[in-house]
Every structure is written in C-alpha cells, then in structure tokens.
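File shown: upload-v3.txt (compact mmCIF, C-alpha atoms and all ligand atoms).
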```txt
# COMPACT_ATOMS: atom_id res chain seq x y z
CA MET A 20 22.27 20.34 -19.45
CA ALA A 21 19.98 17.72 -17.88
CA ILE A 22 20.64 14.05 -18.62
CA ASP A 23 18.84 12.63 -21.68
CA PHE A 24 17.54 9.26 -20.48
CA GLY A 25 16.53 8.33 -24.03
CA ASP A 26 20.06 8.72 -25.41
CA PRO A 27 21.51 5.23 -26.12
CA ALA A 28 24.87 6.58 -24.90
CA ASN A 29 23.33 6.62 -21.38
CA ARG A 30 21.89 3.10 -21.53
CA ALA A 31 24.29 1.61 -18.97
CA THR A 32 24.55 4.60 -16.65
CA TYR A 33 22.40 2.95 -13.95
CA SER A 34 23.83 -0.57 -14.41
CA GLY A 35 26.66 -2.57 -12.90
CA ARG A 36 25.90 -2.02 -9.24
CA ALA A 37 24.31 -4.13 -6.49
CA ALA A 38 22.02 -2.85 -3.72
CA ASP A 39 23.93 -2.73 -0.44
CA ALA A 40 22.94 -4.28 2.89
CA SER A 41 22.38 -0.76 4.26
CA TRP A 42 19.51 -0.38 1.75
CA ARG A 43 18.18 -3.92 2.24
CA ASN A 44 18.05 -3.52 6.02
CA ALA A 45 16.29 -0.15 5.78
CA VAL A 46 13.54 -1.24 3.39
CA THR A 47 12.84 -4.55 5.09
CA ALA A 48 12.29 -2.64 8.34
CA LEU A 49 9.52 -0.72 6.52
CA VAL A 50 7.86 -3.33 4.34
CA ASP A 51 7.77 -7.13 4.13
CA PRO A 52 8.92 -8.14 0.64
CA VAL A 53 8.42 -11.91 1.07
CA GLY A 54 5.86 -13.15 -1.45
CA ALA A 55 4.98 -9.59 -2.49
CA VAL A 56 4.27 -8.18 -5.93
CA VAL A 57 6.54 -5.13 -6.29
CA VAL A 58 6.39 -2.51 -9.04
CA ASP A 59 9.73 -0.65 -9.31
CA ILE A 60 8.98 2.55 -11.23
CA GLY A 61 11.93 4.38 -12.78
CA CYS A 62 13.83 1.11 -12.38
CA GLY A 63 16.82 2.22 -14.43
CA GLY A 64 19.28 -0.64 -14.92
CA GLY A 65 17.27 -2.86 -12.57
CA THR A 66 19.65 -2.84 -9.57
CA TYR A 67 16.75 -2.60 -7.13
CA THR A 68 14.35 -4.71 -9.21
CA ARG A 69 16.84 -7.51 -8.69
CA ALA A 70 17.26 -6.66 -5.01
CA TRP A 71 13.49 -6.96 -4.37
CA GLN A 72 13.52 -10.38 -6.04
CA GLU A 73 16.49 -11.44 -3.91
CA LEU A 74 14.64 -10.22 -0.80
CA GLY A 75 11.86 -12.72 -1.56
CA ALA A 76 9.31 -10.86 -3.68
CA ALA A 77 7.20 -13.25 -5.74
CA ARG A 78 7.05 -10.92 -8.74
CA VAL A 79 8.84 -7.68 -9.53
CA VAL A 80 7.91 -5.48 -12.48
CA GLY A 81 10.48 -2.84 -13.41
CA VAL A 82 8.98 0.10 -15.28
CA ASP A 83 11.00 2.80 -17.03
CA SER A 84 10.31 5.41 -19.70
CA SER A 85 13.72 4.92 -21.37
CA GLU A 86 13.93 2.04 -23.87
CA PRO A 87 17.77 2.03 -23.93
CA ILE A 88 17.99 1.89 -20.13
CA LEU A 89 15.31 -0.82 -19.98
CA GLY A 90 17.38 -2.79 -22.50
CA SER A 91 20.32 -2.78 -20.08
CA ALA A 92 18.02 -3.87 -17.24
CA ARG A 93 16.63 -6.77 -19.30
CA GLN A 94 20.10 -7.84 -20.33
CA ALA A 95 21.40 -7.94 -16.74
CA HIS A 96 18.35 -9.11 -14.78
CA GLY A 97 15.57 -10.10 -17.23
CA ALA A 98 16.17 -13.84 -16.87
CA LEU A 99 15.57 -13.86 -13.09
CA PRO A 100 12.43 -15.80 -12.11
CA GLY A 101 9.50 -13.48 -11.36
CA VAL A 102 11.21 -10.43 -12.87
CA GLU A 103 10.00 -8.52 -15.91
CA PHE A 104 10.64 -5.09 -17.37
CA VAL A 105 8.02 -2.97 -19.12
CA HIS A 106 8.15 0.37 -20.86
CA GLY A 107 5.92 2.99 -19.25
CA ASP A 108 5.69 6.39 -17.64
CA ALA A 109 5.47 6.99 -13.89
CA THR A 110 2.15 8.75 -14.48
CA ALA A 111 0.73 6.06 -16.81
CA THR A 112 2.43 2.69 -16.45
CA GLY A 113 -0.20 0.71 -18.35
CA LEU A 114 -0.24 -1.89 -15.54
CA PRO A 115 -3.62 -3.03 -14.13
CA ASP A 116 -5.40 -1.45 -11.16
CA GLY A 117 -4.60 -3.03 -7.78
CA CYS A 118 -1.82 -5.29 -9.08
CA ALA A 119 0.87 -4.45 -6.48
CA ASP A 120 1.61 -4.90 -2.80
CA VAL A 121 4.51 -2.43 -3.01
CA VAL A 122 5.21 0.45 -5.39
CA PHE A 123 8.87 1.50 -5.17
CA GLU A 124 10.33 4.65 -6.71
CA ARG A 125 14.03 5.29 -6.12
CA ALA A 126 15.71 8.43 -7.47
CA LEU A 127 12.68 9.01 -9.68
CA VAL A 128 10.61 11.88 -8.31
CA HIS A 129 13.28 14.55 -8.81
CA HIS A 130 12.87 13.78 -12.52
CA THR A 131 9.04 13.92 -12.50
CA PRO A 132 7.63 17.41 -11.91
CA ASP A 133 3.98 16.26 -11.81
CA LEU A 134 4.05 14.76 -8.29
CA PRO A 135 0.22 14.54 -7.97
CA ALA A 136 0.06 12.42 -11.15
CA VAL A 137 2.94 10.19 -9.97
CA ALA A 138 1.26 9.69 -6.58
CA ALA A 139 -2.14 8.97 -8.18
CA GLU A 140 -0.61 6.30 -10.44
CA ALA A 141 1.11 4.62 -7.46
CA PHE A 142 -2.21 4.63 -5.58
CA ARG A 143 -4.04 3.11 -8.58
CA LEU A 144 -1.49 0.28 -8.85
CA LEU A 145 -1.65 -0.71 -5.19
CA LYS A 146 -3.97 -3.25 -3.62
CA PRO A 147 -5.87 -1.94 -0.59
CA GLY A 148 -3.37 -2.08 2.30
CA GLY A 149 -0.42 -1.84 -0.10
CA THR A 150 2.62 0.39 0.48
CA VAL A 151 4.25 3.09 -1.60
CA LEU A 152 7.97 3.52 -0.84
CA ILE A 153 9.62 6.58 -2.34
CA GLN A 154 13.38 7.10 -1.99
CA ASP A 155 14.87 10.43 -2.97
CA ARG A 156 17.06 13.20 -1.65
CA THR A 157 15.65 16.38 -0.22
CA ALA A 158 17.58 19.66 -0.51
CA ASP A 159 18.74 19.00 3.05
CA ASP A 160 20.05 15.53 2.09
CA VAL A 161 21.88 17.02 -0.91
CA ALA A 162 23.50 19.72 1.24
CA ARG A 163 25.39 17.25 3.47
CA PRO A 164 29.06 18.29 3.35
CA GLY A 165 31.66 16.23 1.52
CA THR A 166 33.70 13.66 3.43
CA SER A 167 35.85 10.71 2.41
CA THR A 168 32.75 8.48 2.68
CA HIS A 169 30.41 11.04 1.08
CA PRO A 170 32.45 12.60 -1.72
CA ARG A 171 29.28 13.69 -3.53
CA GLY A 172 29.05 16.55 -1.02
CA TRP A 173 32.28 17.95 -2.49
CA PHE A 174 30.67 18.34 -5.95
CA PHE A 175 28.84 21.38 -4.51
CA GLU A 176 31.87 22.78 -2.74
CA VAL A 177 33.77 22.72 -6.07
CA PHE A 178 30.81 23.90 -8.20
CA PRO A 179 28.30 25.73 -5.94
CA ARG A 180 25.98 26.34 -8.90
CA LEU A 181 25.20 22.59 -8.91
CA LEU A 182 23.44 23.13 -5.60
CA ASP A 183 21.02 25.50 -7.36
CA VAL A 184 20.30 22.77 -9.91
CA GLU A 185 19.63 20.32 -7.10
CA ASN A 186 17.49 22.76 -5.13
CA ARG A 187 15.32 23.34 -8.20
CA ARG A 188 14.78 19.66 -8.99
CA ARG A 189 14.73 17.91 -5.61
CA PRO A 190 11.29 17.22 -4.14
CA GLU A 191 9.98 19.68 -1.58
CA PRO A 192 8.87 17.33 1.25
CA ALA A 193 5.63 19.26 1.83
CA ALA A 194 4.74 19.10 -1.89
CA LEU A 195 5.43 15.36 -2.09
CA GLU A 196 3.56 14.66 1.11
CA SER A 197 0.53 16.69 0.05
CA ALA A 198 0.53 14.90 -3.33
CA LEU A 199 0.50 11.55 -1.50
CA ALA A 200 -2.32 12.66 0.80
CA ALA A 201 -4.35 14.06 -2.11
CA ALA A 202 -3.99 10.72 -3.94
CA GLY A 203 -5.59 9.00 -0.92
CA PHE A 204 -2.54 7.65 0.90
CA ALA A 205 -2.56 7.42 4.71
CA GLU A 206 -0.06 6.73 7.51
CA LEU A 207 2.72 8.74 5.90
CA ARG A 208 6.12 8.21 7.51
CA THR A 209 9.58 9.52 6.62
CA THR A 210 12.85 7.77 7.47
CA PRO A 211 16.38 9.03 6.86
CA LEU A 212 18.87 6.65 5.28
CA TRP A 213 22.61 6.67 4.70
CA GLU A 214 22.90 4.13 1.88
CA VAL A 215 26.24 2.71 0.84
CA ARG A 216 26.13 3.28 -2.90
CA ARG A 217 29.23 1.32 -3.79
CA ARG A 218 32.57 0.10 -2.50
CA TYR A 219 35.64 0.71 -4.64
CA ALA A 220 38.93 -1.18 -4.35
CA ASP A 221 40.76 1.99 -5.30
CA ARG A 222 40.05 5.74 -5.41
CA GLU A 223 40.84 5.72 -9.14
CA ASP A 224 37.94 3.30 -9.80
CA TYR A 225 35.58 5.84 -8.24
CA LEU A 226 37.15 8.73 -10.16
CA ALA A 227 36.79 6.80 -13.44
CA GLU A 228 33.02 6.58 -12.80
CA ILE A 229 32.85 10.31 -12.15
CA ALA A 230 34.85 11.04 -15.32
CA ALA A 231 32.34 8.91 -17.28
CA ARG A 232 29.33 10.70 -15.64
CA THR A 233 28.09 7.25 -14.55
CA GLY A 234 24.93 7.02 -12.47
CA ARG A 235 24.94 10.63 -11.25
CA SER A 236 22.75 12.80 -13.44
CA ILE A 237 24.01 16.04 -11.83
CA LEU A 238 27.34 15.51 -13.64
CA HIS A 239 25.55 16.19 -16.93
CA ASP A 240 25.34 19.82 -15.80
CA LEU A 241 29.14 20.15 -16.09
CA ASP A 242 30.99 20.55 -19.39
CA ASP A 243 33.99 18.34 -20.13
CA ALA A 244 36.58 20.81 -18.78
CA GLU A 245 34.57 21.33 -15.58
CA LEU A 246 34.26 17.57 -15.16
CA ARG A 247 38.05 17.17 -15.43
CA HIS A 248 38.47 19.91 -12.81
CA LEU A 249 36.01 18.09 -10.50
CA VAL A 250 37.90 14.80 -10.87
CA ASP A 251 41.18 16.54 -9.95
CA ALA A 252 39.54 18.29 -6.98
CA LEU A 253 38.10 14.98 -5.72
CA ARG A 254 41.48 13.26 -6.10
CA ASP A 255 43.05 16.02 -3.95
CA ARG A 256 40.46 15.49 -1.21
CA LEU A 257 40.20 11.69 -1.16
CA PRO A 258 42.73 9.44 0.56
CA GLU A 259 44.47 6.86 -1.62
CA GLY A 260 43.22 3.29 -1.54
CA SER A 261 39.78 1.78 -1.06
CA LEU A 262 36.63 3.86 -0.78
CA GLU A 263 33.13 3.25 0.58
CA GLU A 264 30.72 5.80 -0.90
CA SER A 265 27.53 6.63 1.02
CA ASP A 266 24.73 9.07 0.27
CA ARG A 267 22.01 10.49 2.47
CA TRP A 268 18.42 9.79 1.37
CA THR A 269 14.89 10.18 2.63
CA LEU A 270 12.40 7.29 2.49
CA TRP A 271 8.70 8.12 2.40
CA THR A 272 6.25 5.29 3.07
CA ALA A 273 2.47 5.49 3.00
CA HIS A 274 -0.39 3.03 2.70
CA ARG A 275 -3.39 2.72 0.49
CA PRO A 276 -6.11 2.31 3.12
CA ALA A 277 -7.41 -1.27 3.36
C1 LIG A 301 18.19 8.33 -11.47
S1 LIG A 301 17.59 6.97 -12.37
C2 LIG A 301 17.21 5.82 -11.07
C3 LIG A 301 17.28 4.37 -11.50
C4 LIG A 301 17.00 3.37 -10.39
N1 LIG A 301 15.73 3.56 -9.75
C5 LIG A 301 18.10 3.41 -9.35
O1 LIG A 301 17.87 3.95 -8.27
O2 LIG A 301 19.20 2.90 -9.63
C6 LIG A 301 15.98 7.52 -12.86
C7 LIG A 301 15.29 6.57 -13.83
O3 LIG A 301 13.94 7.03 -14.00
C8 LIG A 301 13.59 6.95 -15.36
N2 LIG A 301 12.54 7.95 -15.57
C9 LIG A 301 12.66 9.29 -15.63
N3 LIG A 301 11.47 9.86 -15.80
C10 LIG A 301 10.55 8.86 -15.83
C11 LIG A 301 9.15 8.79 -15.96
N4 LIG A 301 8.42 9.91 -16.11
N5 LIG A 301 8.55 7.59 -15.96
C12 LIG A 301 9.28 6.44 -15.81
N6 LIG A 301 10.61 6.44 -15.68
C13 LIG A 301 11.25 7.62 -15.68
C14 LIG A 301 14.86 7.21 -16.12
O4 LIG A 301 14.82 6.68 -17.43
C15 LIG A 301 15.90 6.53 -15.23
O5 LIG A 301 16.12 5.20 -15.62
```
What does the file become when written as structure tokens?
Ligand SMILES: C[S@@+](CC[C@H](N)C(=O)[O-])C[C@H]1O[C@@H](n2cnc3c(N)ncnc32)[C@H](O)[C@@H]1O
Amino acid sequence: MAIDFGDPANRATYSGRAADASWRNAVTALVDPVGAVVVDIGCGGGTYTRAWQELGAARVVGVDSSEPILGSARQAHGALPGVEFVHGDATATGLPDGCADVVFERALVHHTPDLPAVAAEAFRLLKPGGTVLIQDRTADDVARPGTSTHPRGWFFEVFPRLLDVENRRRPEPAALESALAAAGFAELRTTPLWEVRRRYADREDYLAEIAARTGRSILHDLDDAELRHLVDALRDRLPEGSLEESDRWTLWTAHRPA
C-alpha cells in the first residue's frame, strides 16, 4: 500500500537528517544559491529547505501538501532566518508568479502523476532566467544492485515485486523532459548523482530506520512480516559496524528563458 503522507503517524518520516556534502557539491555546481529565492516543493521535513538556507539563499519557501509533515518541518527549521513553510500542492502552490530564482523538487515527481501540471507550476513560479532543479530516481537508478554502501538495492533482490512498484511510479525521463519542454523550459541538462543519504555509527541504527519504515516510502508496500524478513536479510548482507548509505539519483536542470 502506498504511503499516506497525510497520516500523522508519518509526520516525522522525512525528518532528522542533514543534507550531505555530496548533495551540496552537486547542486552548487549547477546553480548559484547565494542570495537566491528558492522554492522547495515537496519539502517534507525541510532537510533541503534548511540546506539551501545554509548554502546562502536569501529566502527559502518550503511547500508541501501534507500538514503533519509540514508541522515537523516548521518545528525543526521554521525559526531559521529567511525560511518559511507553506501548505500547497505541486500543481498549485498559491505562491505568486515569478517569485523564485530556483524551484527545487527532490523525491517529489514520482508521487505526482501529472508531470505537465507540475512543470507548468514550476515555470510560473520562476523569474525569467530562473532554474528548475528536479531530483529523482529513474528506473535505471532504482535498479542499481545492492552493496554495503547502497543497501537499498538489496530491497529488490529480497522482494523483486518492489521493482515493479518502482518501475510504475518512477518518472520516465522522456515524459519528464517533454513536460518541461512543453511548459516552456529550455537548456535541459541531466546529471547523475550518488548522494550520501546518511552515515550510521552502527548497522543496527540503519536497520532500526528500515524497521520503522522511515524516509523510504517503498517500505510501505511491505506488510509487517515482510518488513521483518527484509531487516533480517539486510543484516545478513551488511558488515557489522559503521555504514555510509548512498543512493543513485538523476538531477534535471532547465531554465525559464530570460
Ligand atoms: C519522498 S518525500 C521528499 C521530502 C523531501 N523533498 C526530501 O527529499 O527529503 C515527498 C514529499 O512530497 C510531498 N508531496 C507529495 N505529493 C505532493 C504534491 N502533490 N504537492 C506537494 N507536496 C507533495 C509529501 O507530503 C512528502 O513530504
């Protein structure tokens, strides 16, 4: 069953993590955040809203359609100068035309089937010359095999049917790119990224997150017994001790023509 973002039980699922240097280095090579107005759509617990502010953005507006998740974002990051969180949909944020230098959407578009409407809203929000930056996993990214630094790949080895779920929901690059072009975007570029998601002092800290279905919506497609089996299978495959977890992503950037 797909994750219910509106369920208060899931309010903290995208909280408690900091954006890694691997992400910061990749995005600052694509866009200059210093002094920028950034709209972070599908901001979740605000991990990346905060990161944009720390990278020097003048103002960062986190937008999310889940009130409980926004509550966790406000609690953790709402007091930062220049940061605010507003309730809205990726297709209708309620923010003014031309208010942003950067529209950022991480791990959002595999939850939003209407890509043309999402792209059109990003275009509307951007100033001429502004940049949309979309971060998501393609089916190819998802299919990377499991390793001790990419244990997510093992989810699909243990439960191959999860790959079907991913293949149905992950954005088809051609569909996303044609939605961006149809919205008016130009200079489309794609960049692969291995992002360190989190570092864990001990394997068991990672396994506790998996057992709690934290921050990985695909785990909501397993029942409780299957989840316990996955945790055991991951423990068998992972070495004891500390763990650095990385995932493969694709970054799409495009510009609203000046
Ligand atoms: C996988 S989480 C990603 C959170 C955050 N961007 C991150 O990378 O940590 C997806 C987020 O998008 C939000 N979301 C899903 N559909 C949305 C929509 N149509 N409009 C706005 N937010 C949406 C969910 O509530 C959730 O917080």
Environment of ligand LIG 301 (chain A) within 9 Å, counting all atoms listed in the file, reported as a ChimeraX atom specification: /A:23-25,30,32-34,36,38,59-68,82-89,106-112,123-133,137,154-155,234-236
Residues as selected, C-alpha atoms, written as a compact mmCIF listing (two decimals), in the coordinates of the input, can you do that?
```
# COMPACT_ATOMS: atom_id res chain seq x y z
CA ASP A 23 18.84 12.63 -21.68
CA PHE A 24 17.54 9.26 -20.48
CA GLY A 25 16.53 8.33 -24.03
CA ARG A 30 21.89 3.10 -21.53
CA THR A 32 24.55 4.60 -16.65
CA TYR A 33 22.40 2.95 -13.95
CA SER A 34 23.83 -0.57 -14.41
CA ARG A 36 25.90 -2.02 -9.24
CA ALA A 38 22.02 -2.85 -3.72
CA ASP A 59 9.73 -0.65 -9.31
CA ILE A 60 8.98 2.55 -11.23
CA GLY A 61 11.93 4.38 -12.78
CA CYS A 62 13.83 1.11 -12.38
CA GLY A 63 16.82 2.22 -14.43
CA GLY A 64 19.28 -0.64 -14.92
CA GLY A 65 17.27 -2.86 -12.57
CA THR A 66 19.65 -2.84 -9.57
CA TYR A 67 16.75 -2.60 -7.13
CA THR A 68 14.35 -4.71 -9.21
CA VAL A 82 8.98 0.10 -15.28
CA ASP A 83 11.00 2.80 -17.03
CA SER A 84 10.31 5.41 -19.70
CA SER A 85 13.72 4.92 -21.37
CA GLU A 86 13.93 2.04 -23.87
CA PRO A 87 17.77 2.03 -23.93
CA ILE A 88 17.99 1.89 -20.13
CA LEU A 89 15.31 -0.82 -19.98
CA HIS A 106 8.15 0.37 -20.86
CA GLY A 107 5.92 2.99 -19.25
CA ASP A 108 5.69 6.39 -17.64
CA ALA A 109 5.47 6.99 -13.89
CA THR A 110 2.15 8.75 -14.48
CA ALA A 111 0.73 6.06 -16.81
CA THR A 112 2.43 2.69 -16.45
CA PHE A 123 8.87 1.50 -5.17
CA GLU A 124 10.33 4.65 -6.71
CA ARG A 125 14.03 5.29 -6.12
CA ALA A 126 15.71 8.43 -7.47
CA LEU A 127 12.68 9.01 -9.68
CA VAL A 128 10.61 11.88 -8.31
CA HIS A 129 13.28 14.55 -8.81
CA HIS A 130 12.87 13.78 -12.52
CA THR A 131 9.04 13.92 -12.50
CA PRO A 132 7.63 17.41 -11.91
CA ASP A 133 3.98 16.26 -11.81
CA VAL A 137 2.94 10.19 -9.97
CA GLN A 154 13.38 7.10 -1.99
CA ASP A 155 14.87 10.43 -2.97
CA GLY A 234 24.93 7.02 -12.47
CA ARG A 235 24.94 10.63 -11.25
CA SER A 236 22.75 12.80 -13.44
```
Expected residue set, 7 Å radius at (-6.7, 2.7, -9.2), only C-alpha atoms, as a PyMOL selection string: chain A and resi 116-117+142-144
Cut-off 12 Å around (22.9, 24.7, -4.0) with all atoms listed in the file: residues as an MDAnalysis selection string: chainID A and resid 157:164 172:189 237
Write to file, as a PDB file, in the coordinates of the input, the residues of the selection just made, with C-alpha atoms.
```pdb
ATOM      1  CA  THR A 157      15.650  16.380  -0.220  1.00  0.00           C
ATOM      2  CA  ALA A 158      17.580  19.660  -0.510  1.00  0.00           C
ATOM      3  CA  ASP A 159      18.740  19.000   3.050  1.00  0.00           C
ATOM      4  CA  ASP A 160      20.050  15.530   2.090  1.00  0.00           C
ATOM      5  CA  VAL A 161      21.880  17.020  -0.910  1.00  0.00           C
ATOM      6  CA  ALA A 162      23.500  19.720   1.240  1.00  0.00           C
ATOM      7  CA  ARG A 163      25.390  17.250   3.470  1.00  0.00           C
ATOM      8  CA  PRO A 164      29.060  18.290   3.350  1.00  0.00           C
ATOM      9  CA  GLY A 172      29.050  16.550  -1.020  1.00  0.00           C
ATOM     10  CA  TRP A 173      32.280  17.950  -2.490  1.00  0.00           C
ATOM     11  CA  PHE A 174      30.670  18.340  -5.950  1.00  0.00           C
ATOM     12  CA  PHE A 175      28.840  21.380  -4.510  1.00  0.00           C
ATOM     13  CA  GLU A 176      31.870  22.780  -2.740  1.00  0.00           C
ATOM     14  CA  VAL A 177      33.770  22.720  -6.070  1.00  0.00           C
ATOM     15  CA  PHE A 178      30.810  23.900  -8.200  1.00  0.00           C
ATOM     16  CA  PRO A 179      28.300  25.730  -5.940  1.00  0.00           C
ATOM     17  CA  ARG A 180      25.980  26.340  -8.900  1.00  0.00           C
ATOM     18  CA  LEU A 181      25.200  22.590  -8.910  1.00  0.00           C
ATOM     19  CA  LEU A 182      23.440  23.130  -5.600  1.00  0.00           C
ATOM     20  CA  ASP A 183      21.020  25.500  -7.360  1.00  0.00           C
ATOM     21  CA  VAL A 184      20.300  22.770  -9.910  1.00  0.00           C
ATOM     22  CA  GLU A 185      19.630  20.320  -7.100  1.00  0.00           C
ATOM     23  CA  ASN A 186      17.490  22.760  -5.130  1.00  0.00           C
ATOM     24  CA  ARG A 187      15.320  23.340  -8.200  1.00  0.00           C
ATOM     25  CA  ARG A 188      14.780  19.660  -8.990  1.00  0.00           C
ATOM     26  CA  ARG A 189      14.730  17.910  -5.610  1.00  0.00           C
ATOM     27  CA  ILE A 237      24.010  16.040 -11.830  1.00  0.00           C
TER      28      ILE A 237
END
```
CA of Ser41 (chain A) to CA of Ser167 (chain A), straight-line distance in Å: 17.8 Å
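Of note, CA of Pro52 (chain A) and CA of Trp271 (chain A) are spaced 16.4 Å apart.
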Please identify all polymer residues within 9 Å of Glu223 (chain A), counting all atoms listed in the file, omitting same-chain residues fewer than 3 positions from it, and present them as a PDB file with C-alpha atoms, in the coordinates of the input.
```
ATOM      1  CA  TYR A 219      35.640   0.710  -4.640  1.00  0.00           C
ATOM      2  CA  ALA A 220      38.930  -1.180  -4.350  1.00  0.00           C
ATOM      3  CA  LEU A 226      37.150   8.730 -10.160  1.00  0.00           C
ATOM      4  CA  ALA A 227      36.790   6.800 -13.440  1.00  0.00           C
ATOM      5  CA  GLU A 228      33.020   6.580 -12.800  1.00  0.00           C
ATOM      6  CA  ARG A 254      41.480  13.260  -6.100  1.00  0.00           C
ATOM      7  CA  GLU A 259      44.470   6.860  -1.620  1.00  0.00           C
ATOM      8  CA  GLY A 260      43.220   3.290  -1.540  1.00  0.00           C
TER       9      GLY A 260
END
```
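Nearest residue to Ser91 (chain A), choosing from A:Leu212, A:Ala28, A:Leu262, A:Leu152 and counting all atoms listed in the file: A:Ala28.
Between Leu199 (chain A) and the residues A:Ala70, A:Ala273, A:Leu99, A:Leu246, the shortest atom-to-atom distance, using all atoms listed in the file, involves A:Ala273.
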